Each structure stands twice: as structure tokens, then as C-alpha cells.
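Structure record follows, encoded as C-alpha cells.
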Amino acid sequence: MSSITHAAGATRSDDTNRAEAGGRRILVWDIPTRLGHWLLAGSFALAWLTSESESLRNVHVASGYAFGTILAFRLLWGLIGSRHARFAAFVRAPYAALAYLKSLLAGKPQHFAGHNPAGAWAILALLVLGALSVASGWLTFNEIGGDMFEEVHEGATGAALAVVVLHLAGVAAGSIAHRENLVAAMFSGYKRGRPDEGIARRHVLAGLGLLVWVVAAVTFLMN
Ligand code: HEM
Ligand code: HEM
């Protein structure tokens with residue numbers, strides 16, 4: 001028998017195969033979450049690629065600011081966004097992450113319509129380390145605190161990169177275990193699940209708001 005429990009927006013079934021194979025295509029990720037994710041990933045990559053070059057310092061700083069402004073939006077969206085984007089829906093106690101990893105290793109992965117509890121910890125780490133990277137980068141750039149923040153910047157960005165590698169490994173493992181392409185889902189917004197697990201709206205206006213906010217904030221910060 002499959003056991004299905006509802007907990008603050010996240011739905012879990014212990015019988016993954018049945019839940020997923022029988023699941024319909026449902027909308028899980030709204031547009032601000034998807035757009036924000038790919039802009040976050042792109043700006044992080046650009047900040048890394050330009051980090052060593054003196055002549056590309058402006059590009060580095062602009063992409064770092066873009067990363068920071070998207071991150072600020074994501075924090076707000078985690079409070080007021082749609083069901084699966086909310087922190088309350090996916091932040092779980094560490095034991096829930098361990099239970100999920102155990103179920104993964106046992107070949108019977110628990111199903112979550114939104115983020116799984118282990119992935120959620122990687123996401124939180126990325127948000128915290130990302131904020132630390134931006135803050136320490138800004139302090140270094142403005143020559144505040146001598147060499148101290150330069151070292152913090154190096155440490156935070158290095159740690160963030162290590163978590164990105166874990167994040168990618170987790171996404172690959174989750175995609176294989178659930179036989180569902182999670183990367184494609186981050187583009188389309190759709191995953192398999194029960195109709196009552198889905199969200200009703202894409203939040204197109206909030207997506208536009210995100211774009212306007214990032215362009216306006218980065219332009220302001222670069223001037
Ligand atoms: C090509 C590289 C990347 C791929 C393929 C990728 C893929 C994904 C996927 C599939 C998810 C959804 C996971 C799930 O279903 O639970 C996700 C979530 C997330 N990823 Fe990535 N990711 C990439 C790079 C990054 C980078 C560089 C960062 C940040 C530094 C990042 C931060 C996040 C965050 C914060 C979430 C949570 C999304 C949200 O709820 O807003 N990702 N990623
Ligand atoms: C997520 C965003 C960011 C990432 C991933 C990132 C990454 C890096 C990396 C890897 C380095 C080379 C560190 C070293 O080896 O010393 C670096 C250097 C630097 N970053 Fe960032 N950075 C980000 C955001 C920012 C921001 C927002 C600013 C400024 C407002 C900034 C300003 C600088 C400066 C001034 C340096 C040169 C430090 C030195 O003189 O060694 N960074 N960054």
C-alpha cells in the first residue's frame with residue numbers, strides 16, 4: 001500500500017513508482033522560479049568565468065550584482081510565491097533529508113512534487129553562500145576591511161561552487177531515481193504528480209517584475 005501524507009504544500013508518497021507512473025503532467029514551478037533559477041545559474045557562471053581578469057572586472061561585478069538581486073527576489077518569492085516555491089513548503093528538518101537519502105539508496109525514493117528535503121538543504125546553502133559571496137565581493141570592491149573580505153570572498157565563492165557541484169550531482173541522481181528529467185522540468189515547469197499537487201498560475205507578471213528589478217538594480221549599482 002502506498003502511504004501519502006500532506007505537509008505544508010509538499011506531498012509525499014512512499015510508493016514512488018506507483019505515484020509517478022500513475023501521475024499526470026502538472027505545473028509545479030511558476031515562471032519567476034524558473035526564470036530566476038536560470039538567471040541565477042547564468043550570472044553565477046559568468047561571475048566565475050570573469051573572476052580572474054582585471055579587464056573584465058566590470059563584467060564580473062555586474063554579474064555578481066545580478067546574482068545578488070535575483071537572490072534577493074528569490075528570498076521574497078520564498079515568502080509570497082506559489083506553493084512549491086515557498087520555503088515553508090520545502091524546508092525540512094535534517095532527519096527528513098536523511099530519510100529521503102536513505103529511501104534513494106534503498107531504491108524506493110520518496111516522491112515530492114516540489115523540492116525533495118535533501119535538495120532543499122543544498123538550495124539553502126547556495127542562497128546563504130551566494131549572499132556571502134556578493135556581500136564580501138562588494139566589500140572587497142569598495143576596499144573596505146583590507147584583505148579580510150577578499151579572503152572571505154574567495155572562501156565563500158569556492159564553497160558555493162562546491163555546493164553547485166553537489167547540487168548538480170543531486171539533480172542527476174534524482175532524475176535517474178525518479179525517472180523524470182528534473183532539468184527539463186526547471187524549463188517547462190511541469191512534473192508528474194497528482195492534479196491536486198499542481199499550481200494554478202504561472203505568475204507571468206511576477207516574472208516580468210523580476211526582469212525589471214534585476215535590470216534596474218544592476219544599472220543603478222553600476223552607476
Ligand atoms: C547547469 C547548471 C544547473 C542545472 C542543470 C541546475 C538544475 C536545477 C534543477 C533541475 C533544479 C530543481 C531541482 C528539483 O527538482 O528539486 C534546481 C534548483 C535550484 N538550483 Fe540549480 N542548476 C544549475 C545550476 C545552479 C547554480 C549555478 C545555482 C546557484 C549558484 C543553482 C541554484 C539553484 C536553486 C537556488 C534552486 C532552487 C530553485 C528554486 O526553488 O528557486 N543552480 N537546479
Ligand atoms: C556570486 C557572485 C560572485 C562570484 C561567484 C564571484 C567569484 C569570484 C572569484 C572566484 C574571485 C577570485 C578570487 C580570488 O582568487 O582571489 C573573485 C574576485 C573578485 N570579486 Fe567576485 N564573485 C561574485 C560577486 C562579486 C561582487 C558582487 C563583487 C563586487 C561588487 C565582486 C568583486 C570581486 C573583486 C573586486 C575581486 C578581486 C579580488 C582580488 O583582488 O583578488 N565579486 N570573485
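Order determines the names: the first chain of the C-alpha cells is A, the second B, and so forth; residues in each chain are numbered 1 upward, and ligands are numbered 1 upward as they are shown.
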Near-ligand residues for ligand 2, threshold 8 Å, only C-alpha atoms and all ligand atoms, as a VMD selection string: chain A and resid 43 to 48 50 to 52 57 60 to 68 130 to 131 133 to 142 150 to 151 153 to 154 157 to 158 160 to 161
What residues of the protein or nucleic acid chains come within 8 Å of ligand 1 when you use only C-alpha atoms and all ligand atoms? Reply as a ChimeraX atom specification. /A:29,33-34,36-38,40-45,74,78,84-86,114-116,119-120,122-124,126-127,130,160-161,164,167-168,171,174,181-186
If you run DSSP on the backbone, which residues of region 66-200 of chain A are strand (DSSP E or B), as a PyMOL selection string? chain A and resi 111-112+190-193
Take the selection from the previous step and output its residues with N, CA and C atoms, as a PDB file, in the first residue's frame.
```
ATOM      1  N   HIS A 111       8.559  10.374  -3.064  1.00  0.00           N
ATOM      2  CA  HIS A 111       8.222  11.329  -4.121  1.00  0.00           C
ATOM      3  C   HIS A 111       7.770  12.660  -3.524  1.00  0.00           C
ATOM      4  N   PHE A 112       8.338  13.748  -4.061  1.00  0.00           N
ATOM      5  CA  PHE A 112       7.901  15.089  -3.667  1.00  0.00           C
ATOM      6  C   PHE A 112       7.556  15.842  -4.939  1.00  0.00           C
ATOM      7  N   TYR A 190       6.760  21.742 -15.685  1.00  0.00           N
ATOM      8  CA  TYR A 190       5.897  20.581 -15.468  1.00  0.00           C
ATOM      9  C   TYR A 190       6.640  19.367 -14.914  1.00  0.00           C
ATOM     10  N   LYS A 191       5.979  18.695 -13.963  1.00  0.00           N
ATOM     11  CA  LYS A 191       6.474  17.406 -13.475  1.00  0.00           C
ATOM     12  C   LYS A 191       5.291  16.453 -13.442  1.00  0.00           C
ATOM     13  N   ARG A 192       5.560  15.190 -13.061  1.00  0.00           N
ATOM     14  CA  ARG A 192       4.438  14.271 -12.914  1.00  0.00           C
ATOM     15  C   ARG A 192       3.986  14.241 -11.463  1.00  0.00           C
ATOM     16  N   GLY A 193       2.696  14.129 -11.267  1.00  0.00           N
ATOM     17  CA  GLY A 193       2.151  14.092  -9.915  1.00  0.00           C
ATOM     18  C   GLY A 193       0.637  14.059  -9.961  1.00  0.00           C
TER      19      GLY A 193
END
```
In Å and to one decimal, CA of Gly81 (chain A) is distant from CA of Leu210 (chain A) by 12.2 Å
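Counting only C-alpha atoms and comparing A:Ala106, A:Ile26, A:Ala113, A:Ile70, the residue that lies closest to Ala89 (chain A) is A:Ala113.
Of note, CA of Gly23 (chain A) and CA of Arg194 (chain A) are spaced 5.4 Å apart.
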